[in-house]
$ cat coords25.cif   # mmCIF, C-alpha atoms
data_work
#
loop_
_atom_site.label_atom_id
_atom_site.label_comp_id
_atom_site.auth_asym_id
_atom_site.auth_seq_id
_atom_site.Cartn_x
_atom_site.Cartn_y
_atom_site.Cartn_z
CA MET R 6 85.83 204.93 72.03
CA ASP R 7 84.78 208.44 71.01
CA ILE R 8 83.43 209.58 74.37
CA ARG R 9 82.17 212.90 73.03
CA SER R 10 80.01 211.27 70.37
CA VAL R 11 78.48 208.91 72.94
CA VAL R 12 77.70 211.54 75.59
CA THR R 13 76.19 214.02 73.13
CA THR R 14 73.52 211.43 72.24
CA PHE R 15 72.18 211.35 75.81
CA LYS R 16 68.63 212.66 76.11
CA GLY R 17 68.51 216.32 77.09
CA VAL R 18 72.27 216.76 77.11
CA GLY R 19 73.75 220.22 76.84
CA PRO R 20 77.12 221.88 77.40
CA LEU R 21 78.22 223.08 80.82
CA PRO R 22 79.29 226.73 80.76
CA GLY R 23 82.87 227.59 81.59
CA LEU R 24 84.43 224.14 81.18
CA PRO R 25 85.28 222.87 77.68
CA ASP R 26 84.16 219.36 76.75
CA SER R 27 81.71 219.08 79.63
CA TRP R 28 77.97 218.37 79.68
CA HIS R 29 74.87 218.19 81.83
CA TRP R 30 71.84 215.95 81.36
CA SER R 31 68.81 215.09 83.46
CA PRO R 32 66.79 211.97 82.60
CA ALA R 33 64.14 212.67 85.26
CA PRO R 34 63.17 215.48 87.66
CA GLY R 35 65.61 215.63 90.56
CA ILE R 36 68.18 213.37 88.90
CA ASP R 37 71.10 215.21 87.34
CA PHE R 38 74.29 214.07 85.68
CA ALA R 39 77.33 216.06 84.66
CA GLY R 40 80.46 214.86 82.95
CA ALA R 41 83.66 216.03 81.35
CA LEU R 42 86.29 214.51 79.14
CA SER R 43 89.52 213.61 80.89
CA ALA R 44 92.54 215.69 79.95
CA ASP R 45 93.66 213.07 77.41
CA GLY R 46 90.13 212.63 76.06
CA LYS R 47 90.08 208.89 76.77
CA ARG R 48 87.67 208.80 79.72
CA LEU R 49 84.47 210.38 80.94
CA LEU R 50 84.71 211.91 84.39
CA GLN R 51 81.13 211.87 85.64
CA LEU R 52 79.11 212.80 88.70
CA SER R 53 75.45 212.60 89.56
CA SER R 54 73.11 214.07 92.14
CA ARG R 55 69.67 213.38 93.51
CA ASP R 56 67.49 216.34 94.49
CA SER R 57 70.58 218.44 95.26
CA TYR R 58 72.25 219.45 92.00
CA ASP R 59 74.48 222.51 92.16
CA GLU R 60 76.00 223.54 88.84
CA ASP R 61 78.83 225.54 90.41
CA LEU R 62 79.80 222.59 92.61
CA ALA R 63 79.60 220.20 89.67
CA LEU R 64 81.82 222.44 87.56
CA ALA R 65 84.38 222.87 90.34
CA THR R 66 84.48 219.11 90.96
CA LEU R 67 84.89 218.19 87.31
CA ALA R 68 87.56 220.84 86.73
CA PHE R 69 89.52 219.64 89.78
CA ALA R 70 89.17 216.00 88.71
CA ARG R 71 90.36 216.74 85.18
CA GLU R 72 93.40 218.65 86.41
CA HIS R 73 94.34 216.16 89.14
CA GLU R 74 93.08 212.81 87.82
CA ASP R 75 96.45 211.05 88.04
CA GLU R 76 96.98 212.30 91.60
CA ILE R 77 93.52 211.16 92.66
CA PHE R 78 94.17 207.59 91.60
CA VAL R 79 97.91 207.26 92.21
CA ALA R 80 97.60 205.69 95.68
CA ASN R 81 94.48 203.64 95.08
CA PRO R 82 93.20 202.65 91.62
CA PHE R 83 89.76 201.63 92.96
CA LEU R 84 88.80 204.47 95.29
CA GLY R 85 91.17 207.41 95.01
CA SER R 86 90.86 210.76 96.72
CA LEU R 87 92.75 214.02 96.85
CA ASP R 88 92.34 216.84 99.32
CA GLY R 89 92.96 220.50 98.58
CA PHE R 90 89.65 220.91 96.75
CA GLY R 91 88.21 224.41 97.00
CA PRO R 92 84.41 224.25 96.66
CA PRO R 93 82.11 227.18 95.91
CA VAL R 94 81.21 229.51 98.77
CA GLY R 95 78.82 227.88 101.22
CA ARG R 96 80.07 224.34 100.62
CA HIS R 97 82.43 222.55 102.99
CA PHE R 98 83.85 219.69 100.91
CA ASP R 99 87.64 219.55 101.00
CA ALA R 100 88.44 216.65 98.66
CA VAL R 101 87.39 214.95 95.45
CA VAL R 102 86.94 211.18 95.33
CA GLY R 103 87.40 209.12 92.17
CA ILE R 104 85.68 205.77 91.68
CA ALA R 105 86.90 203.16 89.21
CA PRO R 106 84.69 201.15 86.84
CA GLU R 107 85.35 197.95 88.82
CA VAL R 108 83.64 199.62 91.75
CA HIS R 109 80.75 201.60 90.24
CA GLU R 110 79.82 199.39 87.22
CA PHE R 111 77.85 202.35 85.86
CA TYR R 112 76.14 201.81 82.48
CA ARG R 113 76.52 198.03 82.86
CA VAL R 114 72.96 197.53 81.63
CA GLU R 115 72.23 200.26 79.07
CA LYS R 116 75.75 200.91 77.70
CA PRO R 117 78.15 198.24 78.98
CA GLU R 118 80.75 199.21 76.40
CA LEU R 119 80.98 202.67 78.01
CA THR R 120 81.52 201.46 81.59
CA PRO R 121 85.30 200.81 81.36
CA HIS R 122 85.80 204.37 80.12
CA VAL R 123 83.98 206.08 83.01
CA ARG R 124 85.44 207.26 86.29
CA LEU R 125 82.93 208.69 88.72
CA VAL R 126 84.07 211.77 90.66
CA PHE R 127 82.32 213.48 93.55
CA PRO R 128 82.94 216.26 96.05
CA ALA R 129 83.93 214.60 99.32
CA TYR R 130 85.74 214.95 102.63
CA ALA R 131 89.34 213.87 103.22
CA CYS R 132 88.43 212.12 106.49
CA GLU R 133 86.31 209.59 104.58
CA PHE R 134 89.15 207.67 102.89
CA SER R 135 92.34 205.88 103.93
CA GLY R 136 93.89 205.36 100.49
CA ASP R 137 94.37 201.67 101.31
CA GLU R 138 90.88 200.38 100.55
CA THR R 139 90.77 197.01 98.79
CA LEU R 140 88.35 196.50 95.91
CA ASP R 141 85.73 195.00 98.26
CA GLU R 142 86.22 197.84 100.75
CA ALA R 143 85.98 200.41 97.97
CA ILE R 144 82.64 198.94 96.90
CA THR R 145 81.39 199.06 100.50
CA ARG R 146 82.43 202.69 100.98
CA TYR R 147 80.95 203.71 97.61
CA ARG R 148 77.61 202.27 98.72
CA MET R 149 77.78 203.83 102.18
CA LEU R 150 78.63 207.41 101.37
CA ARG R 151 75.49 208.72 99.60
CA LEU R 152 77.70 210.67 97.22
CA THR R 153 74.77 211.86 95.12
CA ASN R 154 73.60 214.07 97.99
CA PHE R 155 75.44 217.35 97.45
CA GLY R 156 74.24 218.61 100.82
CA ARG R 157 75.56 215.73 102.88
CA GLU R 158 77.76 215.91 105.97
CA PRO R 159 81.00 213.88 106.29
CA LEU R 160 80.83 210.17 107.03
CA PRO R 161 84.36 209.63 108.40
CA PHE R 162 86.30 206.44 107.72
CA LEU R 163 85.65 204.12 110.66
CA LYS R 164 86.24 200.45 111.24
CA MET R 165 84.95 198.93 114.47
CA ARG R 166 84.84 195.69 116.41
CA TYR R 167 82.86 195.29 119.64
CA ILE R 168 81.67 192.83 122.25
CA ASN R 169 79.04 193.97 124.77
CA THR R 170 78.48 191.54 127.63
CA ARG R 171 75.51 193.54 128.95
CA THR R 172 73.45 193.75 125.76
CA ARG R 173 75.00 190.53 124.37
CA GLY R 174 75.61 192.35 121.12
CA ARG R 175 78.78 191.84 119.15
CA SER R 176 80.18 192.44 115.70
CA THR R 177 79.88 189.47 113.37
CA ASN R 178 82.81 190.23 111.08
CA PRO R 179 86.14 188.46 111.84
CA GLY R 180 87.97 191.77 112.25
CA ARG R 181 87.04 195.44 112.34
CA GLY R 182 84.35 196.34 109.82
CA PHE R 183 83.04 199.61 108.40
CA THR R 184 80.29 201.38 110.30
CA ALA R 185 78.96 204.89 110.95
CA PRO R 186 80.25 207.09 113.79
CA ARG R 187 76.82 207.14 115.46
CA ARG R 188 77.12 203.37 115.93
CA LEU R 189 80.49 203.82 117.63
CA VAL R 190 79.04 206.40 120.03
CA GLN R 191 76.09 204.12 120.74
CA GLU R 192 78.29 201.14 121.58
CA LEU R 193 80.62 203.22 123.77
CA ARG R 194 77.70 204.45 125.85
CA GLN R 195 76.09 201.02 126.10
CA MET R 196 79.24 199.42 127.55
CA GLU R 197 78.46 200.76 131.02
CA GLY R 198 77.78 197.87 133.40
CA GLY R 199 79.03 195.22 130.99
CA ALA R 200 82.12 193.69 132.57
CA GLY R 201 84.59 192.56 129.92
CA SER R 202 82.97 194.60 127.15
CA ILE R 203 85.29 196.04 124.50
CA VAL R 204 85.09 198.40 121.56
CA GLU R 205 87.96 198.73 119.08
CA PHE R 206 87.87 201.54 116.54
CA GLU R 207 90.21 202.47 113.69
CA ASN R 208 90.48 205.73 111.77
CA ARG R 209 91.70 206.42 108.24
CA HIS R 210 95.34 206.60 109.35
CA SER R 211 95.16 202.99 110.61
CA HIS R 212 95.40 204.19 114.21
CA VAL R 213 93.46 201.90 116.54
CA TRP R 214 92.13 202.36 120.07
CA ARG R 215 90.58 199.81 122.41
CA VAL R 216 87.97 200.82 124.97
CA MET R 217 87.12 198.48 127.87
CA TRP R 218 84.61 198.50 130.72
CA ASP R 219 85.91 197.49 134.15
CA GLY R 220 83.69 199.47 136.46
CA VAL R 221 84.90 202.54 134.55
CA TRP R 222 85.71 203.24 130.93
CA LEU R 223 89.33 202.50 130.04
CA ILE R 224 91.03 203.40 126.76
CA ALA R 225 94.35 202.28 125.29
CA GLU R 226 96.19 202.92 122.07
CA TRP R 227 95.97 199.64 120.19
CA ASP R 228 98.05 200.02 117.01
CA ASN R 229 100.37 197.28 118.31
CA GLN R 230 97.83 195.83 120.76
CA ASP R 231 100.02 196.78 123.71
CA GLY R 232 98.84 200.20 124.87
CA THR R 233 98.48 200.99 128.57
CA PRO R 234 94.83 201.57 129.55
CA ARG R 235 93.84 204.82 131.23
CA GLU R 236 90.56 205.78 132.82
CA ILE R 237 88.36 208.18 130.90
CA GLY R 238 84.89 209.65 131.38
CA ILE R 239 82.21 208.89 128.83
CA ASP R 240 81.79 212.46 127.57
CA GLU R 241 85.55 212.85 127.15
CA LEU R 242 85.68 209.44 125.48
CA VAL R 243 82.99 210.31 122.95
CA ALA R 244 84.66 213.64 122.17
CA PHE R 245 88.06 211.97 121.80
CA ALA R 246 86.76 209.22 119.52
CA THR R 247 84.82 211.66 117.36
CA ALA R 248 87.86 213.92 116.97
CA ARG R 249 90.13 211.02 115.98
CA LEU R 250 87.75 210.18 113.12
CA ARG R 251 88.19 213.73 111.75
CA ASP R 252 92.03 213.65 111.93
#

$ encode --input "coords25.cif" --output "structure tokens"
Amino acid sequence: MDIRSVVTTFKGVGPLPGLPDSWHWSPAPGIDFAGALSADGKRLLQLSSRDSYDEDLALATLAFAREHEDEIFVANPFLGSLDGFGPPVGRHFDAVVGIAPEVHEFYRVEKPELTPHVRLVFPAYACEFSGDETLDEAITRYRMLRLTNFGREPLPFLKMRYINTRTRGRSTNPGRGFTAPRRLVQELRQMEGGAGSIVEFENRHSHVWRVMWDGVWLIAEWDNQDGTPREIGIDELVAFATARLRD
């Protein structure tokens, strides 16, 4: 497929300054797209934003993705990421994420023939990805991350399992499932008074901890499900858990 000839037919498309073979188009107020040919010219590297477009950030992301595309996807062909990204001044992203057609299915309605040739790329944070996501997990993370918001804060990789005997709440997935850090903090605080309650949480490095309530909060390393529990205060526990998600 001649990607250039397809993209240049988009309504309102125009070249992006400073990056050859790159374009910007906006089909509606507040909705912006930018894209660039891959280094070999065979794919479109594309990003989008909603009510937050920043041309300098878009250019930096596309340039980084073009230069490092193979590295982004080498560990994970569905949801690849690479840290070392240097964003424009005032931005705090430290990685670029790449999203495969099997995950994003972009253009599946209006231009299905283009979809297999498009990799979405976005500014991101290294703490959001493990590199081991399955296709189903990649789809879940893609939907969770609100990547079109260029002003967003990190949403660290977190898998959690919990049983709360006081609130009678519990996770419904068979193992640890993706959730947001605020949910982890909520469940840790709500354990108090619930004898036998547990929370297990896992970060992007596959390190796992188990927290238990037995009149006090107890925490144990749980990578091999054999850690020795130690007592911990709730404020220290929340700070520890939050920090491990940013590792």

$ resolve_selection --input "coords25.cif" --expression "the PyMOL selection byres ((chain R and resi 94) around 12)" --output "PyMOL selection string"
chain R and resi 59+61-62+65+91-93+95-98

$ resolve_selection --input "coords25.cif" --expression "the PyMOL selection byres ((chain R and resi 71) around 9)" --output "list in words"
Ala41, Leu42, Ser43, Ala44, Leu50, Thr66, Leu67, Ala68, Phe69, Ala70, Glu72, His73, Glu74 and Asp75 of chain R

$ atom_distance --input "coords25.cif" --atom1 "CA of Ala225 in chain R" --atom2 "CA of Asp137 in chain R"
24.0 Å

$ axis_aligned_box --input "coords25.cif" --around "range 112-118 of chain R" --padding-each-side "3 Å" --output "AutoDock Vina command-line options"
--center_x 76.5 --center_y 199.7 --center_z 79.6 --size_x 14.5 --size_y 10.3 --size_z 12.5

$ resolve_selection --input "coords25.cif" --expression "the PyMOL selection byres ((chain R and resi 133) around 7)" --output "PyMOL selection string"
chain R and resi 130-132+134+160-162

$ atom_distance --input "coords25.cif" --atom1 "CA of Phe90 in chain R" --atom2 "CA of Val108 in chain R"
22.7 Å

$ closest_residue --input "coords25.cif" --among "R:Ile36, R:Val213, R:Ile224, R:Val11" --to "Leu163 in chain R" --atoms "only C-alpha atoms"
R:Val213

$ closest_residue --input "coords25.cif" --among "R:Ile8, R:Val216, R:Ala39, R:Ala105" --to "Phe245 in chain R" --atoms "all atoms listed in the file"
R:Val216

$ atom_distance --input "coords25.cif" --atom1 "CA of Phe83 in chain R" --atom2 "CA of Leu125 in chain R"
10.7 Å

$ residues_around --input "coords25.cif" --residues "Glu76 in chain R" --least-positions-apart "3" --cutoff "12 Å" --atoms "only C-alpha atoms" --output "PDB file with C-alpha atoms, in the coordinates of the input"
ATOM      1  CA  PHE R  69      89.520 219.640  89.780  1.00  0.00           C
ATOM      2  CA  ALA R  70      89.170 216.000  88.710  1.00  0.00           C
ATOM      3  CA  ARG R  71      90.360 216.740  85.180  1.00  0.00           C
ATOM      4  CA  GLU R  72      93.400 218.650  86.410  1.00  0.00           C
ATOM      5  CA  HIS R  73      94.340 216.160  89.140  1.00  0.00           C
ATOM      6  CA  VAL R  79      97.910 207.260  92.210  1.00  0.00           C
ATOM      7  CA  ALA R  80      97.600 205.690  95.680  1.00  0.00           C
ATOM      8  CA  ASN R  81      94.480 203.640  95.080  1.00  0.00           C
ATOM      9  CA  PRO R  82      93.200 202.650  91.620  1.00  0.00           C
ATOM     10  CA  LEU R  84      88.800 204.470  95.290  1.00  0.00           C
ATOM     11  CA  GLY R  85      91.170 207.410  95.010  1.00  0.00           C
ATOM     12  CA  SER R  86      90.860 210.760  96.720  1.00  0.00           C
ATOM     13  CA  LEU R  87      92.750 214.020  96.850  1.00  0.00           C
ATOM     14  CA  ASP R  88      92.340 216.840  99.320  1.00  0.00           C
ATOM     15  CA  GLY R  89      92.960 220.500  98.580  1.00  0.00           C
ATOM     16  CA  ALA R 100      88.440 216.650  98.660  1.00  0.00           C
ATOM     17  CA  VAL R 101      87.390 214.950  95.450  1.00  0.00           C
ATOM     18  CA  VAL R 102      86.940 211.180  95.330  1.00  0.00           C
ATOM     19  CA  GLY R 103      87.400 209.120  92.170  1.00  0.00           C
ATOM     20  CA  GLY R 136      93.890 205.360 100.490  1.00  0.00           C
TER      21      GLY R 136
END

$ closest_residue --input "coords25.cif" --among "R:Phe38, R:Trp218, R:Tyr112, R:Trp30" --to "Ile168 in chain R" --atoms "all atoms listed in the file"
R:Trp218

$ residues_around --input "coords25.cif" --residues "Ile239 in chain R" --least-positions-apart "2" --cutoff "8 Å" --atoms "all atoms listed in the file" --output "number ranges by chain"
R: 193-194, 222, 237, 241-243

$ closest_residue --input "coords25.cif" --among "R:Met217, R:Met196, R:Ala248, R:Leu64" --to "Gln51 in chain R" --atoms "all atoms listed in the file"
R:Leu64

$ closest_residue --input "coords25.cif" --among "R:Glu118, R:Asp99, R:Gly198, R:Ala63" --to "Glu158 in chain R" --atoms "all atoms listed in the file"
R:Asp99

$ residues_near_point --input "coords25.cif" --point "(84.8, 206.5, 86.2)" --cutoff "10 Å" --atoms "all atoms listed in the file" --output "CSV table (one decimal) with C-alpha atoms, in the coordinates of the input"
chain,number,residue,atom,x,y,z
R,40,GLY,CA,80.5,214.9,83.0
R,48,ARG,CA,87.7,208.8,79.7
R,49,LEU,CA,84.5,210.4,80.9
R,50,LEU,CA,84.7,211.9,84.4
R,51,GLN,CA,81.1,211.9,85.6
R,52,LEU,CA,79.1,212.8,88.7
R,83,PHE,CA,89.8,201.6,93.0
R,103,GLY,CA,87.4,209.1,92.2
R,104,ILE,CA,85.7,205.8,91.7
R,105,ALA,CA,86.9,203.2,89.2
R,106,PRO,CA,84.7,201.2,86.8
R,107,GLU,CA,85.4,198.0,88.8
R,108,VAL,CA,83.6,199.6,91.8
R,109,HIS,CA,80.8,201.6,90.2
R,110,GLU,CA,79.8,199.4,87.2
R,111,PHE,CA,77.8,202.4,85.9
R,119,LEU,CA,81.0,202.7,78.0
R,120,THR,CA,81.5,201.5,81.6
R,121,PRO,CA,85.3,200.8,81.4
R,122,HIS,CA,85.8,204.4,80.1
R,123,VAL,CA,84.0,206.1,83.0
R,124,ARG,CA,85.4,207.3,86.3
R,125,LEU,CA,82.9,208.7,88.7
R,126,VAL,CA,84.1,211.8,90.7

$ closest_residue --input "coords25.cif" --among "R:Asp228, R:Leu250, R:Thr172, R:Tyr167" --to "Pro186 in chain R" --atoms "all atoms listed in the file"
R:Leu250

$ residues_around --input "coords25.cif" --residues "Ser57 in chain R" --least-positions-apart "3" --cutoff "7 Å" --atoms "only C-alpha atoms" --output "VMD selection string"
chain R and resid 54 154 to 156

$ residues_around --input "coords25.cif" --residues "Phe15 in chain R" --least-positions-apart "6" --cutoff "10 Å" --atoms "only C-alpha atoms" --output "VMD selection string"
chain R and resid 28 to 32

$ residues_around --input "coords25.cif" --residues "Leu189 in chain R" --least-positions-apart "2" --cutoff "10 Å" --atoms "all atoms listed in the file" --output "VMD selection string"
chain R and resid 163 to 167 184 to 187 191 to 195 204 to 206 243 246 to 247

$ build_atoms --input "coords25.cif" --residues "range 65-78 of chain R" --atoms "N, CA, C and O atoms" --output "compact mmCIF listing (two decimals), in the coordinates of the input"
# COMPACT_ATOMS: atom_id res chain seq x y z
N ALA R 65 83.15 222.84 89.56
CA ALA R 65 84.38 222.87 90.34
C ALA R 65 84.93 221.46 90.52
O ALA R 65 86.15 221.22 90.44
N THR R 66 84.05 220.50 90.76
CA THR R 66 84.48 219.11 90.96
C THR R 66 85.08 218.53 89.69
O THR R 66 86.15 217.90 89.72
N LEU R 67 84.40 218.73 88.57
CA LEU R 67 84.89 218.19 87.31
C LEU R 67 86.20 218.84 86.88
O LEU R 67 87.12 218.17 86.38
N ALA R 68 86.32 220.15 87.08
CA ALA R 68 87.56 220.84 86.73
C ALA R 68 88.73 220.33 87.58
O ALA R 68 89.83 220.10 87.08
N PHE R 69 88.49 220.16 88.88
CA PHE R 69 89.52 219.64 89.78
C PHE R 69 89.91 218.22 89.39
O PHE R 69 91.09 217.87 89.34
N ALA R 70 88.90 217.39 89.09
CA ALA R 70 89.17 216.00 88.71
C ALA R 70 89.96 215.91 87.42
O ALA R 70 90.87 215.09 87.28
N ARG R 71 89.62 216.74 86.44
CA ARG R 71 90.36 216.74 85.18
C ARG R 71 91.82 217.13 85.39
O ARG R 71 92.73 216.49 84.85
N GLU R 72 92.05 218.16 86.19
CA GLU R 72 93.40 218.65 86.41
C GLU R 72 94.24 217.70 87.24
O GLU R 72 95.45 217.59 87.04
N HIS R 73 93.59 216.96 88.17
CA HIS R 73 94.34 216.16 89.14
C HIS R 73 94.02 214.66 89.05
O HIS R 73 94.27 213.93 90.01
N GLU R 74 93.53 214.20 87.92
CA GLU R 74 93.08 212.81 87.82
C GLU R 74 94.17 211.82 88.21
O GLU R 74 93.92 210.86 88.97
N ASP R 75 95.36 211.99 87.71
CA ASP R 75 96.45 211.05 88.04
C ASP R 75 96.73 211.04 89.53
O ASP R 75 96.96 209.98 90.13
N GLU R 76 96.72 212.21 90.16
CA GLU R 76 96.98 212.30 91.60
C GLU R 76 95.88 211.63 92.41
O GLU R 76 96.14 211.01 93.45
N ILE R 77 94.64 211.77 91.94
CA ILE R 77 93.52 211.16 92.66
C ILE R 77 93.68 209.66 92.75
O ILE R 77 93.43 209.05 93.79
N PHE R 78 94.13 209.05 91.66
CA PHE R 78 94.17 207.59 91.60
C PHE R 78 95.55 206.99 91.85
O PHE R 78 95.69 205.77 91.81
